[in-house]
file input-v3.cif (mmCIF, C-alpha atoms)
data_target
#
loop_
_atom_site.label_atom_id
_atom_site.label_comp_id
_atom_site.auth_asym_id
_atom_site.auth_seq_id
_atom_site.Cartn_x
_atom_site.Cartn_y
_atom_site.Cartn_z
CA GLY A 128 -85.26 19.36 -95.14
CA GLU A 129 -85.58 22.29 -97.43
CA SER A 130 -89.04 23.49 -98.29
CA VAL A 131 -89.91 26.27 -100.62
CA GLY A 132 -93.22 28.05 -100.70
CA LEU A 133 -94.86 31.03 -102.28
CA HIS A 134 -96.81 33.84 -100.71
CA LEU A 135 -99.66 34.13 -103.20
CA PRO A 136 -101.26 31.57 -105.47
CA THR A 137 -102.38 34.16 -108.04
CA LEU A 138 -101.22 37.53 -109.31
CA SER A 139 -103.01 39.70 -111.83
CA VAL A 140 -101.31 42.69 -113.46
CA GLN A 141 -101.91 45.08 -116.33
CA GLU A 142 -99.81 44.81 -119.45
CA GLY A 143 -96.81 47.09 -119.18
CA ASP A 144 -96.75 47.06 -115.37
CA ASN A 145 -93.97 45.47 -113.38
CA SER A 146 -94.70 42.16 -111.63
CA ILE A 147 -93.22 40.91 -108.41
CA ILE A 148 -93.55 37.25 -107.45
CA ASN A 149 -92.40 36.26 -103.99
CA CYS A 150 -91.04 33.06 -102.51
CA ALA A 151 -89.99 31.98 -99.02
CA TYR A 152 -87.73 29.14 -98.00
CA SER A 153 -87.47 27.37 -94.67
CA ASN A 154 -83.75 26.95 -94.17
CA SER A 155 -80.42 27.91 -95.64
CA ALA A 156 -79.45 24.52 -97.08
CA SER A 157 -79.83 25.55 -100.71
CA ASP A 158 -76.74 26.69 -102.58
CA TYR A 159 -78.80 28.35 -105.26
CA PHE A 160 -82.36 29.20 -106.19
CA ILE A 161 -83.98 29.06 -109.57
CA TRP A 162 -87.10 30.56 -111.05
CA TYR A 163 -89.09 28.58 -113.59
CA LYS A 164 -91.98 29.55 -115.83
CA GLN A 165 -94.54 26.91 -116.74
CA GLU A 166 -97.08 27.55 -119.45
CA SER A 167 -100.16 25.40 -119.77
CA GLY A 168 -99.36 21.99 -121.19
CA LYS A 169 -95.62 22.50 -121.07
CA GLY A 170 -92.76 21.65 -118.78
CA PRO A 171 -91.08 24.26 -116.57
CA GLN A 172 -88.78 26.64 -118.42
CA PHE A 173 -85.64 28.01 -116.76
CA ILE A 174 -85.77 31.79 -116.25
CA ILE A 175 -82.91 32.78 -113.99
CA ASP A 176 -80.94 31.47 -111.04
CA ILE A 177 -79.07 33.02 -108.17
CA ARG A 178 -76.43 31.57 -105.92
CA SER A 179 -76.99 31.78 -102.19
CA ASN A 180 -73.97 34.09 -101.76
CA MET A 181 -75.53 36.74 -104.01
CA ASP A 182 -78.19 39.35 -103.28
CA LYS A 183 -79.30 40.25 -106.76
CA ARG A 184 -79.04 39.03 -110.28
CA GLN A 185 -80.45 40.55 -113.44
CA GLY A 186 -81.47 39.02 -116.71
CA GLN A 187 -83.43 40.20 -119.65
CA ARG A 188 -86.49 41.99 -118.16
CA VAL A 189 -86.14 39.93 -115.00
CA THR A 190 -84.42 40.52 -111.69
CA VAL A 191 -84.14 38.10 -108.81
CA LEU A 192 -83.53 39.38 -105.29
CA LEU A 193 -82.41 37.17 -102.44
CA ASN A 194 -82.77 38.24 -98.83
CA LYS A 195 -81.02 35.64 -96.71
CA THR A 196 -81.87 37.42 -93.47
CA VAL A 197 -85.58 36.76 -93.87
CA LYS A 198 -85.14 33.75 -96.19
CA HIS A 199 -87.06 35.34 -99.01
CA LEU A 200 -86.55 35.72 -102.72
CA SER A 201 -88.50 37.51 -105.39
CA LEU A 202 -88.75 37.61 -109.14
CA GLN A 203 -89.37 40.97 -110.72
CA ILE A 204 -90.59 41.11 -114.29
CA ALA A 205 -90.34 44.49 -115.97
CA ALA A 206 -92.94 45.69 -118.46
CA THR A 207 -95.03 42.55 -118.14
CA GLN A 208 -96.41 41.23 -121.40
CA PRO A 209 -99.33 38.89 -122.16
CA GLY A 210 -96.77 36.21 -123.04
CA ASP A 211 -95.58 36.30 -119.45
CA SER A 212 -98.87 34.78 -118.30
CA ALA A 213 -97.96 31.43 -116.75
CA VAL A 214 -97.33 29.70 -113.46
CA TYR A 215 -94.05 30.71 -111.85
CA PHE A 216 -92.16 28.40 -109.51
CA CYS A 217 -89.19 29.01 -107.34
CA ALA A 218 -86.95 26.05 -106.60
CA GLY A 219 -83.98 25.46 -104.34
CA ALA A 220 -81.05 23.15 -104.92
CA LYS A 221 -77.81 22.09 -103.31
CA GLU A 222 -74.58 21.97 -105.25
CA THR A 223 -73.95 18.43 -104.08
CA SER A 224 -77.40 17.28 -105.16
CA GLY A 225 -76.96 18.09 -108.81
CA SER A 226 -80.22 19.05 -110.42
CA ARG A 227 -82.39 17.76 -107.58
CA LEU A 228 -84.78 20.65 -107.16
CA THR A 229 -87.25 21.41 -104.38
CA PHE A 230 -90.18 23.33 -105.82
CA GLY A 231 -92.79 25.52 -104.23
CA GLU A 232 -96.44 25.43 -105.22
CA GLY A 233 -96.36 28.14 -107.86
CA THR A 234 -97.95 31.51 -108.55
CA GLN A 235 -100.33 31.94 -111.45
CA LEU A 236 -99.49 35.23 -113.17
CA THR A 237 -102.21 36.69 -115.37
CA VAL A 238 -101.42 39.69 -117.54
CA ASN A 239 -104.44 41.71 -118.56
CA PRO A 240 -104.28 43.62 -121.87
CA ASP B 106 -81.28 20.53 -130.89
CA ALA B 107 -84.56 18.84 -129.95
CA GLY B 108 -84.16 19.57 -126.25
CA VAL B 109 -85.63 17.11 -123.78
CA THR B 110 -88.20 14.82 -125.35
CA GLN B 111 -90.66 12.60 -123.53
CA SER B 112 -93.00 9.92 -124.72
CA PRO B 113 -95.83 9.32 -124.74
CA THR B 114 -97.46 12.72 -124.18
CA HIS B 115 -100.62 11.24 -122.72
CA LEU B 116 -101.79 7.84 -121.62
CA ILE B 117 -104.55 6.23 -119.63
CA LYS B 118 -104.01 3.18 -117.46
CA THR B 119 -106.13 1.09 -115.15
CA ARG B 120 -105.45 0.62 -111.46
CA GLY B 121 -102.98 -2.20 -110.86
CA GLN B 122 -101.36 -1.92 -114.25
CA GLN B 123 -97.76 -1.02 -114.96
CA VAL B 124 -96.49 1.87 -117.04
CA THR B 125 -93.19 2.89 -118.64
CA LEU B 126 -92.40 6.47 -119.54
CA ARG B 127 -89.43 7.49 -121.66
CA CYS B 128 -87.11 10.46 -121.79
CA SER B 129 -84.33 11.57 -124.12
CA PRO B 130 -82.13 14.26 -122.59
CA LYS B 131 -80.89 17.40 -124.23
CA SER B 132 -77.77 16.90 -126.30
CA GLY B 133 -74.68 17.15 -124.13
CA HIS B 134 -76.49 16.35 -120.90
CA ASP B 135 -75.64 13.25 -118.91
CA THR B 136 -77.93 13.53 -115.89
CA VAL B 137 -81.65 12.79 -115.93
CA SER B 138 -84.10 13.52 -113.14
CA TRP B 139 -87.75 12.57 -112.93
CA TYR B 140 -90.48 14.59 -111.25
CA GLN B 141 -94.15 14.05 -110.50
CA GLN B 142 -96.42 17.07 -110.74
CA ALA B 143 -99.93 16.79 -109.38
CA LEU B 144 -102.51 19.23 -110.66
CA GLY B 145 -102.03 22.68 -109.17
CA GLN B 146 -98.81 21.79 -107.38
CA GLY B 147 -95.11 22.08 -107.92
CA PRO B 148 -93.07 19.18 -109.27
CA GLN B 149 -91.88 16.62 -106.71
CA PHE B 150 -88.51 14.93 -107.18
CA ILE B 151 -88.70 11.18 -107.77
CA PHE B 152 -85.12 10.18 -108.56
CA GLN B 153 -82.04 11.07 -110.54
CA TYR B 154 -79.82 9.00 -112.83
CA TYR B 155 -76.19 9.56 -113.73
CA GLU B 156 -73.82 7.08 -115.34
CA GLU B 157 -76.66 4.57 -115.54
CA GLU B 158 -77.13 4.50 -111.79
CA GLU B 159 -79.75 5.94 -109.48
CA ARG B 160 -77.86 8.63 -107.58
CA GLN B 161 -80.60 10.23 -105.53
CA ARG B 162 -84.14 9.35 -104.63
CA GLY B 163 -87.03 11.35 -103.29
CA ASN B 164 -89.82 10.17 -101.04
CA PHE B 165 -91.48 7.76 -103.45
CA PRO B 166 -92.28 4.07 -102.91
CA ASP B 167 -90.41 1.23 -104.56
CA ARG B 168 -93.23 0.93 -107.08
CA PHE B 169 -91.39 3.74 -108.83
CA SER B 170 -88.23 2.55 -110.54
CA GLY B 171 -86.07 3.72 -113.37
CA HIS B 172 -83.25 3.05 -115.70
CA GLN B 173 -80.68 5.02 -117.65
CA PHE B 174 -79.16 3.73 -120.85
CA PRO B 175 -75.63 4.25 -122.21
CA ASN B 176 -76.94 6.99 -124.51
CA TYR B 177 -78.20 8.83 -121.38
CA SER B 178 -81.87 8.29 -122.20
CA SER B 179 -84.00 7.13 -119.32
CA GLU B 180 -87.17 5.28 -118.41
CA LEU B 181 -89.51 5.65 -115.47
CA ASN B 182 -91.50 2.57 -114.49
CA VAL B 183 -94.44 2.58 -112.12
CA ASN B 184 -95.92 -0.72 -110.97
CA ALA B 185 -99.28 -1.48 -109.38
CA LEU B 186 -100.72 1.86 -110.41
CA LEU B 187 -102.95 3.73 -107.96
CA LEU B 188 -105.47 6.45 -108.70
CA GLY B 189 -103.18 8.82 -106.87
CA ASP B 190 -100.42 8.24 -109.40
CA SER B 191 -102.37 10.33 -111.89
CA ALA B 192 -100.14 13.31 -112.61
CA LEU B 193 -97.84 14.99 -115.08
CA TYR B 194 -94.48 13.22 -115.10
CA LEU B 195 -91.60 15.46 -116.02
CA CYS B 196 -88.11 14.57 -117.07
CA ALA B 197 -85.29 17.04 -116.60
CA SER B 198 -81.78 16.79 -117.96
CA SER B 199 -78.67 18.64 -116.91
CA SER B 200 -74.91 18.47 -116.98
CA LEU B 201 -72.58 18.40 -114.03
CA ASP B 202 -70.91 21.68 -114.94
CA ARG B 203 -74.20 23.57 -114.99
CA VAL B 204 -76.34 21.79 -112.47
CA ALA B 205 -78.62 24.75 -111.81
CA GLU B 206 -79.85 24.90 -115.37
CA ALA B 207 -82.03 21.83 -115.70
CA PHE B 208 -84.04 21.57 -118.90
CA PHE B 209 -87.47 20.01 -118.69
CA GLY B 210 -89.43 18.05 -121.23
CA GLN B 211 -93.09 18.73 -121.91
CA GLY B 212 -94.09 15.88 -119.65
CA THR B 213 -96.27 12.79 -119.87
CA ARG B 214 -99.81 13.17 -118.58
CA LEU B 215 -100.72 9.89 -116.88
CA THR B 216 -104.33 9.21 -115.93
CA VAL B 217 -105.12 6.16 -113.81
CA VAL B 218 -108.74 5.06 -113.84
#
call {"tool": "encode", "arguments": {"input": "input-v3.cif", "output": "structure tokens"}}
result
Amino acid sequence: GESVGLHLPTLSVQEGDNSIINCAYSNSASDYFIWYKQESGKGPQFIIDIRSNMDKRQGQRVTVLLNKTVKHLSLQIAATQPGDSAVYFCAGAKETSGSRLTFGEGTQLTVNP
Amino acid sequence: DAGVTQSPTHLIKTRGQQVTLRCSPKSGHDTVSWYQQALGQGPQFIFQYYEEEERQRGNFPDRFSGHQFPNYSSELNVNALLLGDSALYLCASSSLDRVAEAFFGQGTRLTVV
């Protein structure tokens, strides 16, 4: 089945810098991928999603890139702020599976002032 | 809109006991999924309910069961608790026309002693 994993468990950046969080997936079964942000003591919060037939999608301060050739996606956060400090998860899902998500292990992003 | 609400927020149980966790979905959502999140890991899908029926199930034993009510709220029941069941239990709600955008509650922290 689908498995989703992340390259690095932690990422530390300076405030104002851009952050890039990476994620790899094992097969092409997912119809879309989603990035979630989870702050301490809270549930995951939806950031942005991308369908598997797209290469790039932009949101507010965030961009997700999908490279199907190497089965890799990334989340870019522009002008990282202290409030961006959290654990970031990528998740894959199939259209026919509704909101059944397969999560990776997460990357802890720390933004230093 | 209160979003997804879960209760209780924390509870402690003894091995062998049974527990019931509750979830009220976001207004307008008809699908509820439950996830187990062990410390330092990504959420793992337990099962999903739609139209009061279990539609999908992850790799969890029969000790884990659930229910969905006509108002779309849901319960997660775990019988014969094990120490390894200690985790954050997350409820996510979604609608069929926007399956990628699942909204999570803050979770219930279950500790089994």
call {"tool": "resolve_selection", "arguments": {"input": "input-v3.cif", "expression": "the PyMOL selection byres ((chain A and resi 218-223) around 7)", "output": "ChimeraX atom specification"}}
result
/A:131,156-162,216-217,224-231
call {"tool": "atom_distance", "arguments": {"input": "input-v3.cif", "atom1": "atom CA of Pro166 of chain B", "atom2": "atom CA of Leu144 of chain B"}}
result
19.9 Å
call {"tool": "resolve_selection", "arguments": {"input": "input-v3.cif", "expression": "the PyMOL selection byres ((chain B and resi 176) around 12)", "output": "CSV table (one decimal) with C-alpha atoms, in the frame of the given file"}}
result
chain,number,residue,atom,x,y,z
B,128,CYS,CA,-87.1,10.5,-121.8
B,129,SER,CA,-84.3,11.6,-124.1
B,130,PRO,CA,-82.1,14.3,-122.6
B,131,LYS,CA,-80.9,17.4,-124.2
B,132,SER,CA,-77.8,16.9,-126.3
B,133,GLY,CA,-74.7,17.2,-124.1
B,134,HIS,CA,-76.5,16.4,-120.9
B,135,ASP,CA,-75.6,13.2,-118.9
B,136,THR,CA,-77.9,13.5,-115.9
B,137,VAL,CA,-81.6,12.8,-115.9
B,155,TYR,CA,-76.2,9.6,-113.7
B,156,GLU,CA,-73.8,7.1,-115.3
B,157,GLU,CA,-76.7,4.6,-115.5
B,172,HIS,CA,-83.2,3.0,-115.7
B,173,GLN,CA,-80.7,5.0,-117.6
B,174,PHE,CA,-79.2,3.7,-120.8
B,175,PRO,CA,-75.6,4.2,-122.2
B,177,TYR,CA,-78.2,8.8,-121.4
B,178,SER,CA,-81.9,8.3,-122.2
B,179,SER,CA,-84.0,7.1,-119.3
call {"tool": "residues_around", "arguments": {"input": "input-v3.cif", "residues": "segment 147-154 of chain A", "least_positions_apart": "4", "cutoff": "10 Å", "atoms": "only C-alpha atoms", "output": "MDAnalysis selection string"}}
result
chainID A and resid 128:138 140 160 162 189:195 197:205 215:219 231:236
call {"tool": "write_last_selection", "arguments": {"input": "input-v3.cif", "atoms": "C-alpha atoms", "output": "short mmCIF file (atom, residue, chain, number, x, y, z; two decimals), keeping the file's coordinate frame"}}
result
data_model
loop_
_atom_site.label_atom_id
_atom_site.label_comp_id
_atom_site.auth_asym_id
_atom_site.auth_seq_id
_atom_site.Cartn_x
_atom_site.Cartn_y
_atom_site.Cartn_z
CA GLY A 128 -85.26 19.36 -95.14
CA GLU A 129 -85.58 22.29 -97.43
CA SER A 130 -89.04 23.49 -98.29
CA VAL A 131 -89.91 26.27 -100.62
CA GLY A 132 -93.22 28.05 -100.70
CA LEU A 133 -94.86 31.03 -102.28
CA HIS A 134 -96.81 33.84 -100.71
CA LEU A 135 -99.66 34.13 -103.20
CA PRO A 136 -101.26 31.57 -105.47
CA THR A 137 -102.38 34.16 -108.04
CA LEU A 138 -101.22 37.53 -109.31
CA VAL A 140 -101.31 42.69 -113.46
CA PHE A 160 -82.36 29.20 -106.19
CA TRP A 162 -87.10 30.56 -111.05
CA VAL A 189 -86.14 39.93 -115.00
CA THR A 190 -84.42 40.52 -111.69
CA VAL A 191 -84.14 38.10 -108.81
CA LEU A 192 -83.53 39.38 -105.29
CA LEU A 193 -82.41 37.17 -102.44
CA ASN A 194 -82.77 38.24 -98.83
CA LYS A 195 -81.02 35.64 -96.71
CA VAL A 197 -85.58 36.76 -93.87
CA LYS A 198 -85.14 33.75 -96.19
CA HIS A 199 -87.06 35.34 -99.01
CA LEU A 200 -86.55 35.72 -102.72
CA SER A 201 -88.50 37.51 -105.39
CA LEU A 202 -88.75 37.61 -109.14
CA GLN A 203 -89.37 40.97 -110.72
CA ILE A 204 -90.59 41.11 -114.29
CA ALA A 205 -90.34 44.49 -115.97
CA TYR A 215 -94.05 30.71 -111.85
CA PHE A 216 -92.16 28.40 -109.51
CA CYS A 217 -89.19 29.01 -107.34
CA ALA A 218 -86.95 26.05 -106.60
CA GLY A 219 -83.98 25.46 -104.34
CA GLY A 231 -92.79 25.52 -104.23
CA GLU A 232 -96.44 25.43 -105.22
CA GLY A 233 -96.36 28.14 -107.86
CA THR A 234 -97.95 31.51 -108.55
CA GLN A 235 -100.33 31.94 -111.45
CA LEU A 236 -99.49 35.23 -113.17
#
call {"tool": "resolve_selection", "arguments": {"input": "input-v3.cif", "expression": "the PyMOL selection byres ((chain B and resi 152) around 12)", "output": "MDAnalysis selection string"}}
result
(chainID A and resid 224:228) or (chainID B and resid 136:141 149:151 153:155 158:167 169:173 179:182 194:198)
call {"tool": "closest_residue", "arguments": {"input": "input-v3.cif", "among": "B:Gln211, B:Ser112, B:Asn184, B:Gln142", "to": "chain A", "atoms": "all atoms listed in the file"}}
result
B:Gln211
call {"tool": "interface_residues", "arguments": {"input": "input-v3.cif", "of": "chain B", "to": "chain A", "cutoff": "7 Å", "atoms": "all atoms listed in the file", "output": "PyMOL selection string"}}
result
chain B and resi 146-150+195+199+201+204-212
call {"tool": "atom_distance", "arguments": {"input": "input-v3.cif", "atom1": "atom CA of Thr207 of chain A", "atom2": "atom CA of Asp144 of chain A"}}
result
5.6 Å
call {"tool": "atom_distance", "arguments": {"input": "input-v3.cif", "atom1": "atom CA of Ala206 of chain A", "atom2": "atom CA of Lys183 of chain A"}}
result
18.8 Å
call {"tool": "residues_around", "arguments": {"input": "input-v3.cif", "residues": "Asn239 of chain A", "least_positions_apart": "6", "cutoff": "10 Å", "atoms": "only C-alpha atoms", "output": "number ranges by chain"}}
result
A: 139-144, 207-209, 212
call {"tool": "closest_residue", "arguments": {"input": "input-v3.cif", "among": "B:Gly108, B:Leu188, B:Arg168, B:Leu193", "to": "Val217 of chain B", "atoms": "all atoms listed in the file"}}
result
B:Leu188
call {"tool": "residues_around", "arguments": {"input": "input-v3.cif", "residues": "Leu215 of chain B", "least_positions_apart": "4", "cutoff": "10 Å", "atoms": "all atoms listed in the file", "output": "list in words"}}
result
Pro113, Thr114, His115, Leu116, Ile117, Lys118, Val124, Leu126, Asp190, Ser191, Ala192, Leu193 and Tyr194 of chain B
